[in-house]
Amino acid sequence: PAGAPGTGPNELPDISKMSPQERADLLFDRVMRAHEQGDSQQVAFFGPMALQAHAMLGTLNDEDHYQVGLINAALGNFAATAAEADTIAQHDPHHLFVPLLRWQVANHGNDAAGTRRAYRQFLDDYDKEMASGKAEYKAHKTQLEAFHEEATGAVGKTGG
């Protein structure tokens with residue numbers, strides 16, 4: 001029956017034994033899956049929990065900022081998504097998560113010029129950044145490669 005342990009759509013594994021990072025990652029994954037499936041109720045339910053779990057991490061790394069940006073985008077808070085892109089860009093302006101988050105904002109706002117800028121920045125920095133060996137790029141390799149293909153199709157490959 002609905003509401004019985006382990007059967008409801010809002011059920012999570014026992015998170016009490018997880019590290020704060022594991023909880024944040026689990027909730028991020030849950031929100032992203034729900035968003036991809038168009039399940040706005042799940043996004044609305046788990047999104048605030050995911051943001052709170054990330055806030056409890058203290059100092060966030062680039063991947064955490066990226067996750068917070070995507071959670072906010074799923075919740076429709078695009079100003080917060082842009083702020084996360086800006087935070088990453090302050091110390092690493094060529095980080096690939098910056099144009100990915102800026103694309104989220106531009107795409108939502110039907111900002112064709114902003115979308116094109118995000119694609120172009122991503123393509124301009126892609127080869128060098130992917131060669132950097134950053135762990136977060138390995139963790140999001142499939143998404144980065146798919147966005148690279150999309151950006152190349154939209155604006156063409158860089159000359160250098």
# chains A, B, ... in the order shown; residues from 1 in each chain; ligands from 1
>>> residues_around(residues="region 124-126 of chain A", least_positions_apart="3", cutoff="8 Å", atoms="only C-alpha atoms", output="NGL selection string")
:A and (94-96 or 120-121 or 129-130 or 148 or 158 or 160)
>>> write_last_selection(atoms="C-alpha atoms", output="compact mmCIF listing (two decimals), in the first residue's frame")
# COMPACT_ATOMS: atom_id res chain seq x y z
CA HIS A 94 37.14 28.37 -17.84
CA HIS A 95 35.43 25.61 -15.84
CA LEU A 96 32.97 23.75 -18.07
CA ARG A 120 30.73 29.10 -27.59
CA GLN A 121 32.38 29.39 -24.16
CA GLU A 129 39.46 21.55 -19.63
CA MET A 130 38.79 17.90 -20.46
CA HIS A 148 29.69 19.17 -26.58
CA THR A 158 36.23 26.17 -32.60
CA GLY A 160 41.73 26.34 -32.27
>>> select_by_dssp(residues="region 57-104 of chain A", states="helix (DSSP H, G or I)", output="PDB file with C-alpha atoms, in the first residue's frame")
ATOM      1  CA  ASP A  62      32.809  23.151  -8.005  1.00  0.00           C
ATOM      2  CA  GLU A  63      30.762  19.989  -8.422  1.00  0.00           C
ATOM      3  CA  ASP A  64      28.644  20.884  -5.386  1.00  0.00           C
ATOM      4  CA  HIS A  65      28.036  24.387  -6.808  1.00  0.00           C
ATOM      5  CA  TYR A  66      27.089  22.786 -10.120  1.00  0.00           C
ATOM      6  CA  GLN A  67      24.645  20.458  -8.389  1.00  0.00           C
ATOM      7  CA  VAL A  68      23.088  23.350  -6.457  1.00  0.00           C
ATOM      8  CA  GLY A  69      22.746  25.271  -9.724  1.00  0.00           C
ATOM      9  CA  LEU A  70      21.000  22.364 -11.438  1.00  0.00           C
ATOM     10  CA  ILE A  71      18.688  21.767  -8.472  1.00  0.00           C
ATOM     11  CA  ASN A  72      17.715  25.423  -8.529  1.00  0.00           C
ATOM     12  CA  ALA A  73      17.118  25.229 -12.284  1.00  0.00           C
ATOM     13  CA  ALA A  74      14.848  22.209 -11.766  1.00  0.00           C
ATOM     14  CA  LEU A  75      12.962  24.231  -9.140  1.00  0.00           C
ATOM     15  CA  PHE A  78      17.207  30.621 -12.410  1.00  0.00           C
ATOM     16  CA  ALA A  79      18.674  33.608 -10.536  1.00  0.00           C
ATOM     17  CA  ALA A  80      20.188  31.125  -8.077  1.00  0.00           C
ATOM     18  CA  THR A  81      21.409  28.992 -10.992  1.00  0.00           C
ATOM     19  CA  ALA A  82      23.179  32.032 -12.472  1.00  0.00           C
ATOM     20  CA  ALA A  83      24.681  32.828  -9.071  1.00  0.00           C
ATOM     21  CA  GLU A  84      26.201  29.337  -8.872  1.00  0.00           C
ATOM     22  CA  ALA A  85      27.744  29.796 -12.338  1.00  0.00           C
ATOM     23  CA  ASP A  86      29.189  33.123 -11.210  1.00  0.00           C
ATOM     24  CA  THR A  87      30.588  31.543  -8.037  1.00  0.00           C
ATOM     25  CA  ILE A  88      32.460  28.892 -10.014  1.00  0.00           C
ATOM     26  CA  ALA A  89      33.653  31.482 -12.559  1.00  0.00           C
ATOM     27  CA  GLN A  90      35.127  33.695  -9.835  1.00  0.00           C
ATOM     28  CA  HIS A  91      37.964  31.256  -9.236  1.00  0.00           C
ATOM     29  CA  PHE A  97      30.228  23.888 -15.442  1.00  0.00           C
ATOM     30  CA  VAL A  98      30.043  27.682 -15.891  1.00  0.00           C
ATOM     31  CA  PRO A  99      28.631  27.624 -19.448  1.00  0.00           C
ATOM     32  CA  LEU A 100      26.496  24.578 -18.626  1.00  0.00           C
ATOM     33  CA  LEU A 101      24.733  26.523 -15.877  1.00  0.00           C
ATOM     34  CA  ARG A 102      24.576  29.699 -17.947  1.00  0.00           C
ATOM     35  CA  TRP A 103      22.974  27.667 -20.746  1.00  0.00           C
ATOM     36  CA  GLN A 104      20.271  26.530 -18.290  1.00  0.00           C
TER      37      GLN A 104
END
>>> residues_around(residues="Phe28 (chain A)", least_positions_apart="4", cutoff="10 Å", atoms="only C-alpha atoms", output="JSON, numbers by chain")
{"A": [22, 23, 24, 32, 33, 34, 43, 46, 47, 49, 50, 51, 53, 54, 64, 67, 68, 70, 71]}
>>> closest_residue(among="A:Pro48, A:Tyr119, A:Glu145, A:Gln41", to="Ala106 (chain A)", atoms="only C-alpha atoms")
A:Tyr119
>>> atom_distance(atom1="CA of Ser16 (chain A)", atom2="CA of Lys138 (chain A)")
27.8 Å
>>> atom_distance(atom1="CA of Thr142 (chain A)", atom2="CA of Asp14 (chain A)")
28.4 Å
